[in-house]
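Pasted below: query-v9.cif, mmCIF, C-alpha atoms.
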```cif
data_upload
#
loop_
_atom_site.label_atom_id
_atom_site.label_comp_id
_atom_site.auth_asym_id
_atom_site.auth_seq_id
_atom_site.Cartn_x
_atom_site.Cartn_y
_atom_site.Cartn_z
CA MET A 1 133.53 85.65 76.10
CA LEU A 2 132.22 88.83 77.70
CA GLU A 3 133.21 90.89 74.68
CA LYS A 4 130.30 89.23 72.86
CA LEU A 5 127.81 91.16 74.98
CA GLN A 6 126.18 94.03 73.15
CA ALA A 7 125.34 97.16 75.10
CA PRO A 8 121.54 97.32 75.46
CA GLU A 9 119.62 100.44 74.59
CA LEU A 10 119.23 102.57 77.70
CA ASP A 11 115.71 102.62 79.12
CA VAL A 12 113.95 105.72 77.83
CA LEU A 13 113.05 107.00 81.30
CA TYR A 14 116.63 106.75 82.51
CA ARG A 15 117.84 108.38 79.32
CA THR A 16 115.52 111.28 80.09
CA ALA A 17 116.72 111.36 83.71
CA ASN A 18 120.36 111.47 82.59
CA ALA A 19 119.65 114.39 80.28
CA PHE A 20 117.88 116.22 83.11
CA ARG A 21 120.82 115.73 85.47
CA ALA A 22 123.26 117.03 82.86
CA ASP A 23 121.27 120.25 82.35
CA GLN A 24 122.76 123.11 84.35
CA ARG A 25 119.76 125.45 84.16
CA ALA A 26 118.38 126.32 87.59
CA ASP A 27 114.74 126.27 86.48
CA LYS A 28 114.78 122.80 84.90
CA LEU A 29 111.78 120.51 85.48
CA ASP A 30 111.82 116.71 85.68
CA LEU A 31 108.49 115.30 84.54
CA GLY A 32 109.92 111.88 83.71
CA VAL A 33 110.63 109.20 86.33
CA GLY A 34 107.43 108.27 88.14
CA VAL A 35 108.02 109.31 91.74
CA TYR A 36 105.66 111.48 93.75
CA ARG A 37 107.02 114.95 94.50
CA ASP A 38 105.64 117.57 96.85
CA GLU A 39 105.06 121.24 96.14
CA SER A 40 108.75 121.99 96.74
CA GLY A 41 109.83 119.43 94.16
CA LYS A 42 111.17 116.89 96.65
CA SER A 43 110.23 113.22 96.85
CA PRO A 44 109.75 113.23 100.63
CA VAL A 45 110.03 110.57 103.28
CA MET A 46 106.50 110.30 104.64
CA ALA A 47 106.21 111.31 108.30
CA CYS A 48 104.64 107.96 109.19
CA VAL A 49 107.58 106.18 107.53
CA ARG A 50 110.09 108.26 109.46
CA GLU A 51 108.31 107.48 112.72
CA ALA A 52 108.25 103.76 111.92
CA GLU A 53 111.95 103.84 111.07
CA GLU A 54 112.78 105.55 114.36
CA ARG A 55 110.88 102.89 116.27
CA LEU A 56 112.61 100.11 114.37
CA ALA A 57 116.04 101.66 114.99
CA LYS A 58 115.37 101.39 118.72
CA THR A 59 113.78 97.95 118.80
CA ASN A 60 115.36 95.88 116.02
CA ASP A 61 117.65 93.34 117.65
CA SER A 62 118.56 91.07 114.73
CA LYS A 63 119.65 91.10 111.10
CA ALA A 64 118.98 87.39 110.56
CA TYR A 65 117.31 86.17 107.38
CA LEU A 66 113.56 86.53 106.97
CA PRO A 67 111.34 83.57 106.08
CA LEU A 68 111.13 82.88 102.33
CA ALA A 69 107.53 84.12 102.24
CA GLY A 70 108.61 87.46 103.71
CA GLU A 71 108.40 89.54 106.85
CA PRO A 72 105.42 88.16 108.84
CA GLY A 73 104.28 91.56 110.10
CA PHE A 74 104.29 92.99 106.58
CA LEU A 75 102.38 90.06 105.14
CA ALA A 76 99.81 90.21 107.94
CA GLY A 77 99.46 93.98 107.55
CA MET A 78 98.92 93.83 103.80
CA SER A 79 96.45 90.98 104.16
CA LYS A 80 94.42 92.92 106.71
CA LEU A 81 94.63 96.08 104.60
CA LEU A 82 93.29 94.33 101.53
CA PHE A 83 90.91 91.75 103.01
CA GLN A 84 90.05 93.47 106.33
CA GLU A 85 90.78 90.12 107.98
CA VAL A 86 93.25 87.25 107.82
CA LEU A 87 94.38 85.94 104.44
CA PRO A 88 91.75 83.67 102.86
CA SER A 89 92.90 80.05 102.66
CA ASP A 90 92.63 79.92 98.86
CA ILE A 91 95.10 82.79 98.36
CA ALA A 92 98.89 82.42 98.38
CA GLN A 93 100.95 85.44 99.45
CA VAL A 94 104.65 86.23 99.17
CA GLN A 95 106.75 89.36 99.67
CA SER A 96 108.36 90.58 96.46
CA VAL A 97 111.14 92.89 95.35
CA GLY A 98 108.86 95.82 94.66
CA GLY A 99 105.86 95.56 92.38
CA THR A 100 108.27 94.64 89.58
CA GLY A 101 109.40 91.53 91.45
CA GLY A 102 105.79 90.61 92.06
CA VAL A 103 105.02 90.76 88.34
CA ARG A 104 108.07 88.63 87.59
CA LEU A 105 107.18 86.04 90.24
CA ALA A 106 103.61 85.82 88.91
CA LEU A 107 104.80 85.32 85.35
CA GLU A 108 107.36 82.71 86.42
CA LEU A 109 104.63 80.82 88.29
CA ALA A 110 102.34 80.98 85.27
CA GLN A 111 105.15 79.87 82.96
CA ALA A 112 106.00 76.93 85.22
CA ALA A 113 102.34 75.86 85.16
CA ASN A 114 101.96 76.41 81.41
CA PRO A 115 105.23 76.64 79.44
CA SER A 116 103.31 77.43 76.22
CA LEU A 117 101.43 80.44 77.58
CA THR A 118 101.11 83.79 75.83
CA VAL A 119 100.79 87.10 77.69
CA HIS A 120 98.19 89.56 76.40
CA LEU A 121 99.08 93.19 77.02
CA GLY A 122 97.24 96.40 76.25
CA VAL A 123 99.59 99.09 74.95
CA PRO A 124 100.78 101.62 75.81
CA SER A 125 101.80 100.04 79.10
CA TRP A 126 104.61 100.16 81.63
CA PRO A 127 107.70 99.08 79.62
CA ASN A 128 108.78 96.46 82.16
CA HIS A 129 105.70 94.37 81.42
CA GLN A 130 107.06 93.64 77.96
CA GLY A 131 110.64 93.57 79.21
CA ILE A 132 110.03 90.90 81.85
CA CYS A 133 108.21 88.71 79.33
CA ASN A 134 111.09 89.09 76.90
CA ARG A 135 113.61 87.98 79.54
CA LEU A 136 111.48 84.96 80.42
CA GLY A 137 110.98 84.07 76.75
CA ILE A 138 107.20 84.45 77.03
CA PRO A 139 105.46 85.50 73.80
CA VAL A 140 103.47 88.73 74.09
CA ARG A 141 100.43 89.61 72.01
CA THR A 142 99.59 93.30 72.24
CA TYR A 143 96.37 95.16 71.59
CA ASP A 144 95.38 98.83 71.70
CA TYR A 145 94.43 99.79 75.24
CA LEU A 146 93.03 103.13 74.04
CA GLU A 147 90.42 103.86 71.41
CA ASN A 148 89.22 107.38 70.65
CA GLY A 149 91.10 108.70 73.65
CA ALA A 150 89.52 106.34 76.21
CA ALA A 151 90.34 102.97 77.73
CA SER A 152 88.74 100.33 75.52
CA ALA A 153 86.91 97.46 77.17
CA ALA A 154 85.99 96.15 73.72
CA ASN A 155 89.64 95.80 72.72
CA THR A 156 90.47 94.01 75.97
CA LEU A 157 87.54 91.63 75.52
CA ALA A 158 88.66 90.94 71.95
CA ALA A 159 92.12 90.08 73.26
CA ILE A 160 90.57 87.59 75.69
CA ASP A 161 88.53 86.08 72.86
CA ALA A 162 91.75 85.51 70.90
CA ALA A 163 93.56 84.01 73.90
CA GLN A 164 93.98 80.36 74.84
CA PRO A 165 93.17 78.79 78.23
CA GLY A 166 96.23 79.15 80.44
CA ASP A 167 97.28 82.48 78.92
CA VAL A 168 97.80 85.55 81.11
CA LEU A 169 96.13 88.94 80.70
CA ILE A 170 98.00 91.84 82.30
CA LEU A 171 95.71 94.51 83.74
CA HIS A 172 96.57 97.70 85.61
CA GLY A 173 95.27 98.58 89.03
CA PRO A 174 93.98 102.12 89.69
CA CYS A 175 95.72 104.98 87.84
CA HIS A 176 96.94 103.35 84.64
CA ASN A 177 100.60 103.84 83.74
CA PRO A 178 101.26 105.66 81.42
CA THR A 179 97.87 107.02 80.37
CA GLY A 180 96.12 107.75 83.67
CA LEU A 181 92.94 106.44 82.01
CA ASP A 182 91.24 103.53 83.79
CA LEU A 183 88.64 101.06 82.61
CA SER A 184 85.26 101.53 84.28
CA ASP A 185 84.24 99.29 87.17
CA ASN A 186 81.57 97.61 85.03
CA ALA A 187 84.05 97.02 82.23
CA LEU A 188 86.57 95.48 84.61
CA ASP A 189 83.92 93.17 86.05
CA GLU A 190 83.01 91.98 82.57
CA ILE A 191 86.68 91.53 81.63
CA ILE A 192 87.46 89.49 84.76
CA GLN A 193 84.38 87.30 84.32
CA THR A 194 85.06 86.75 80.62
CA ALA A 195 88.70 85.86 81.30
CA SER A 196 87.62 83.38 83.98
CA ARG A 197 85.19 81.65 81.63
CA LYS A 198 87.93 81.38 79.00
CA GLY A 199 90.52 80.09 81.47
CA VAL A 200 92.70 83.19 81.01
CA ILE A 201 94.44 84.30 84.21
CA PRO A 202 94.35 88.04 85.02
CA LEU A 203 97.52 89.57 86.44
CA ILE A 204 96.63 92.89 88.08
CA ASP A 205 99.56 95.24 88.65
CA ALA A 206 98.55 97.76 91.34
CA ALA A 207 101.16 100.42 92.08
CA TYR A 208 99.11 103.60 92.58
CA TYR A 209 96.26 102.63 94.91
CA GLY A 210 95.04 105.63 96.91
CA LEU A 211 96.61 108.21 94.59
CA GLY A 212 93.65 108.76 92.27
CA ASN A 213 90.66 107.56 94.29
CA GLU A 214 89.91 107.21 97.98
CA LEU A 215 92.10 104.45 99.38
CA ASP A 216 89.26 102.28 100.66
CA ALA A 217 87.51 102.45 97.29
CA ASP A 218 90.65 101.23 95.53
CA LEU A 219 91.20 98.46 98.07
CA ALA A 220 87.59 97.29 97.78
CA ARG A 221 87.91 97.23 94.01
CA LEU A 222 91.12 95.20 94.08
CA ARG A 223 89.70 92.83 96.68
CA GLY A 224 86.58 92.23 94.60
CA LEU A 225 88.54 91.58 91.42
CA LEU A 226 90.79 89.10 93.20
CA VAL A 227 88.18 87.07 95.05
CA ASP A 228 85.56 86.97 92.28
CA THR A 229 87.61 84.76 89.99
CA PRO A 230 88.97 81.23 90.51
CA GLU A 231 92.51 82.14 89.42
CA CYS A 232 94.09 85.59 89.53
CA PHE A 233 97.36 87.30 90.43
CA LEU A 234 97.52 90.67 92.17
CA THR A 235 100.77 92.47 92.88
CA MET A 236 100.85 95.57 95.09
CA SER A 237 103.84 97.89 95.27
CA GLY A 238 104.95 99.80 98.36
CA SER A 239 106.82 102.36 96.28
CA LYS A 240 104.15 104.94 95.57
CA ALA A 241 101.57 104.66 98.35
CA PHE A 242 104.26 104.48 101.06
CA GLY A 243 106.99 106.42 99.26
CA LEU A 244 109.41 103.50 99.66
CA TYR A 245 110.82 103.58 96.13
CA ARG A 246 114.39 102.60 96.93
CA ASP A 247 113.43 99.98 99.50
CA ARG A 248 111.94 97.72 96.80
CA ILE A 249 109.02 96.31 98.71
CA GLY A 250 105.92 94.68 97.27
CA VAL A 251 103.58 91.74 97.72
CA LEU A 252 102.12 89.14 95.38
CA PHE A 253 98.72 87.55 96.01
CA ALA A 254 97.68 84.47 94.00
CA LYS A 255 94.01 83.52 94.09
CA CYS A 256 93.58 79.78 93.57
CA PRO A 257 90.62 77.43 92.99
CA SER A 258 91.10 75.80 96.42
CA ALA A 259 93.13 75.96 99.62
CA ASP A 260 95.12 72.86 98.60
CA ILE A 261 96.12 74.45 95.31
CA ALA A 262 97.02 77.67 97.13
CA ALA A 263 99.40 75.70 99.36
CA GLY A 264 101.14 74.34 96.28
CA VAL A 265 101.36 77.78 94.71
CA GLN A 266 102.76 79.16 97.97
CA ALA A 267 105.51 76.52 97.99
CA ASN A 268 106.36 77.21 94.35
CA ALA A 269 106.43 80.97 94.88
CA GLU A 270 108.81 80.59 97.82
CA SER A 271 111.02 78.24 95.79
CA LEU A 272 111.22 80.75 92.93
CA ALA A 273 112.01 83.54 95.38
CA ARG A 274 114.78 81.42 96.87
CA VAL A 275 116.61 80.97 93.56
CA ASN A 276 116.00 84.58 92.49
CA TYR A 277 117.30 86.44 95.55
CA SER A 278 117.76 83.85 98.31
CA ALA A 279 115.81 85.74 101.01
CA PRO A 280 113.61 88.86 101.08
CA ALA A 281 114.84 92.22 102.36
CA ALA A 282 113.65 93.41 105.74
CA HIS A 283 113.66 97.20 105.95
CA GLY A 284 110.75 98.29 103.76
CA ALA A 285 108.69 95.32 104.88
CA GLN A 286 109.23 96.13 108.55
CA VAL A 287 108.38 99.78 107.95
CA ILE A 288 105.04 98.96 106.35
CA GLY A 289 104.34 96.25 108.90
CA THR A 290 104.98 98.73 111.72
CA ILE A 291 102.70 101.35 110.18
CA LEU A 292 99.81 99.00 109.52
CA ALA A 293 100.02 97.37 112.97
CA ASP A 294 99.61 100.70 114.79
CA SER A 295 96.24 102.40 114.44
CA ALA A 296 97.66 105.91 114.91
CA LEU A 297 100.44 105.37 112.37
CA ALA A 298 98.04 103.72 109.95
CA GLN A 299 95.72 106.72 110.16
CA ALA A 300 98.65 109.09 109.71
CA TRP A 301 99.59 107.17 106.56
CA ARG A 302 96.04 107.41 105.23
CA ASP A 303 96.04 111.16 105.94
CA GLU A 304 99.37 111.71 104.16
CA LEU A 305 98.24 109.64 101.18
CA GLY A 306 95.08 111.74 101.05
CA GLU A 307 97.17 114.92 100.98
CA MET A 308 99.20 113.55 98.08
CA ARG A 309 96.03 112.71 96.19
CA ALA A 310 94.57 116.15 96.89
CA ARG A 311 97.69 117.85 95.52
CA MET A 312 97.35 115.96 92.26
CA THR A 313 93.68 116.94 92.04
CA GLN A 314 94.51 120.60 92.65
CA LEU A 315 97.23 120.57 89.98
CA ARG A 316 94.81 119.15 87.44
CA ALA A 317 92.26 121.83 88.27
CA GLN A 318 94.91 124.54 87.94
CA ILE A 319 96.10 123.25 84.56
CA ARG A 320 92.52 123.09 83.32
CA GLU A 321 91.97 126.70 84.30
CA LEU A 322 95.24 127.79 82.70
CA SER A 323 94.79 125.92 79.43
CA GLY A 324 91.16 126.62 78.70
CA SER A 325 89.88 124.36 75.94
CA ASN A 326 93.25 123.24 74.56
CA PRO A 327 92.53 119.64 73.48
CA ALA A 328 96.17 118.56 73.81
CA LEU A 329 96.03 119.28 77.54
CA ALA A 330 92.55 117.88 78.15
CA THR A 331 94.07 114.47 78.89
CA ILE A 332 95.56 115.90 82.07
CA TRP A 333 92.30 116.78 83.81
CA GLN A 334 90.51 113.70 82.47
CA THR A 335 92.97 111.31 84.11
CA LYS A 336 93.88 110.05 87.59
CA GLY A 337 97.08 109.53 89.53
CA ILE A 338 100.47 110.99 88.79
CA PHE A 339 100.53 110.21 85.05
CA SER A 340 98.92 111.50 81.89
CA LEU A 341 99.84 110.71 78.30
CA LEU A 342 99.95 113.86 76.20
CA PRO A 343 99.25 113.63 72.44
CA ILE A 344 102.71 114.92 71.50
CA ASP A 345 105.72 113.35 69.81
CA ALA A 346 109.47 113.28 70.34
CA ALA A 347 109.96 116.46 68.32
CA VAL A 348 107.85 118.38 70.86
CA THR A 349 109.47 116.79 73.92
CA ASP A 350 112.90 117.59 72.45
CA ARG A 351 111.90 121.24 72.03
CA LEU A 352 110.55 121.39 75.57
CA ALA A 353 113.90 120.15 76.86
CA GLU A 354 116.07 122.33 74.64
CA ASP A 355 114.10 125.58 74.85
CA HIS A 356 112.43 125.35 78.25
CA ALA A 357 114.44 122.85 80.35
CA ILE A 358 111.31 120.71 80.73
CA TYR A 359 112.10 116.99 80.57
CA MET A 360 109.72 114.13 79.83
CA PRO A 361 110.04 110.91 77.81
CA PRO A 362 109.49 111.11 74.04
CA THR A 363 106.25 109.16 74.44
CA GLY A 364 104.61 112.25 75.94
CA ARG A 365 104.00 110.62 79.33
CA ILE A 366 104.05 113.33 81.98
CA ASN A 367 104.61 112.82 85.70
CA LEU A 368 102.27 115.52 86.90
CA ALA A 369 103.82 115.41 90.38
CA GLY A 370 106.92 117.00 88.89
CA LEU A 371 104.96 120.25 88.62
CA SER A 372 103.93 122.67 91.33
CA SER A 373 101.42 125.51 91.55
CA VAL A 374 104.34 127.82 90.69
CA THR A 375 105.75 125.89 87.73
CA ALA A 376 102.46 124.74 86.18
CA PRO A 377 101.88 128.08 84.38
CA ARG A 378 105.35 127.88 82.77
CA PHE A 379 104.69 124.32 81.65
CA VAL A 380 101.32 125.20 80.09
CA SER A 381 102.77 128.26 78.37
CA ALA A 382 105.70 126.32 76.96
CA LEU A 383 103.53 123.52 75.67
CA GLU A 384 100.95 125.81 74.11
CA GLY A 385 103.74 127.45 72.13
CA LEU A 386 104.64 124.12 70.56
CA ILE A 387 101.27 122.51 69.75
#
```
Target format structure tokens, applied to this file:
Amino acid sequence: MLEKLQAPELDVLYRTANAFRADQRADKLDLGVGVYRDESGKSPVMACVREAEERLAKTNDSKAYLPLAGEPGFLAGMSKLLFQEVLPSDIAQVQSVGGTGGVRLALELAQAANPSLTVHLGVPSWPNHQGICNRLGIPVRTYDYLENGAASAANTLAAIDAAQPGDVLILHGPCHNPTGLDLSDNALDEIIQTASRKGVIPLIDAAYYGLGNELDADLARLRGLLVDTPECFLTMSGSKAFGLYRDRIGVLFAKCPSADIAAGVQANAESLARVNYSAPAAHGAQVIGTILADSALAQAWRDELGEMRARMTQLRAQIRELSGSNPALATIWQTKGIFSLLPIDAAVTDRLAEDHAIYMPPTGRINLAGLSSVTAPRFVSALEGLI
């Protein structure tokens, strides 16, 4: 039977990562997989995380299963972070396997409530959005997220107009992946309100909060979008803001029309989690819970996140100074977060890899954090020779 399985096409980002690892040149640059890197090129363990882990190593006295909803300290910490108080009664909350698991849980909940739903997705987008829908057998209707080099509210509103009540609209949180171009606050407000009137449920995927804007501004924005609509999903990843990529920690919030409905959604979310992975993992959740429960550690985390954001801002300023008026590079300093989408094709990215040992996916998405103040000039020079 198993011989009937066909080998799937390797994910483009992992294909790029494999090519990077196989390159023996000492000056190679990885601008592909979306992890934050510091000036030395390392993806560091945050100091606040290391401190939390040391405390947990001394105090943890059990490896028993967590509750289905997740680690209580983590859930309480994320609720307080987002809402500045306890979780509102009309919002369900469950720990997820990274932001990815949160998206999957949200889509499974929506599919259980409406088996005939369609997901509406602005492209380009994070490939797993489409991939998860494909695995669940959910139809996807795409539309152009960009128009004339900017995020298009008009295209998103047109997608809502074409949707049916009970459909899902996937939206990105701050720092859009892969473009780095966000919709304006006013546009997002109009989109959320229009979706609500149509009965379309927004699913907001927030992985990069605090990396492009001040943390509190991002949190206030996400909080407002969630509470100002009768039905909405919000998933928040712990990978980027806490640097816990391999610990696969995230949280899903589901805003409901009433507290009674939220209780039912909570029970369904926990039931889906049970059959997906039996019980949530503890480590990343306990780390974040420890950080957010301690005012000194929480402030240290905010400070470190601010330093990460400042490094990205400085890199953009440096690239702007180096590249002058080159329009192909203008997308870098016009965007936020760790990503920008360069207007180049696979032929250019192939040449960058072959001639300059600079690796990025053929889509032209660049992880800016893969550069440093030392390597940025080489990157700009190499790219200007090809465009």
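Nearest to A:Ile319 of all the residues A:Arg378, A:His283, A:Lys42, A:Lys63 is A:Arg378, counting all atoms listed in the file.
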For A:Val35: contacts at 10 Å, all atoms listed in the file, fewer than 5 positions along chain excluded, given as a ChimeraX atom specification: /A:42-44,239-240,243-245,338,367-370
On this structure, the PyMOL selection byres ((chain A and resi 173) around 6) would catch which residues? List them as a PyMOL selection string, sorted by chain and number. chain A and resi 172+174+204-206
I need the output of the PyMOL selection byres ((chain A and resi 256) around 7) for this file as a list of chain:residue names; which residues are they? A:Asp90, A:Ile91, A:Pro230, A:Glu231, A:Ala254, A:Lys255, A:Pro257, A:Ser258, A:Ile261, A:Ala262
Taking the point (105.3, 86.9, 76.3) as given in the file, collect each protein or nucleic acid residue that comes within 12 Å of it, counting only C-alpha atoms, and present the set as a PyMOL selection string. chain A and resi 104+107-108+110-111+115-121+128-142+167-170
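Among A:Thr59, A:Asn326, A:Thr331, A:Thr194, the residue with the shortest atom-to-atom distance to A:Gly385, counting all atoms listed in the file, is A:Asn326.
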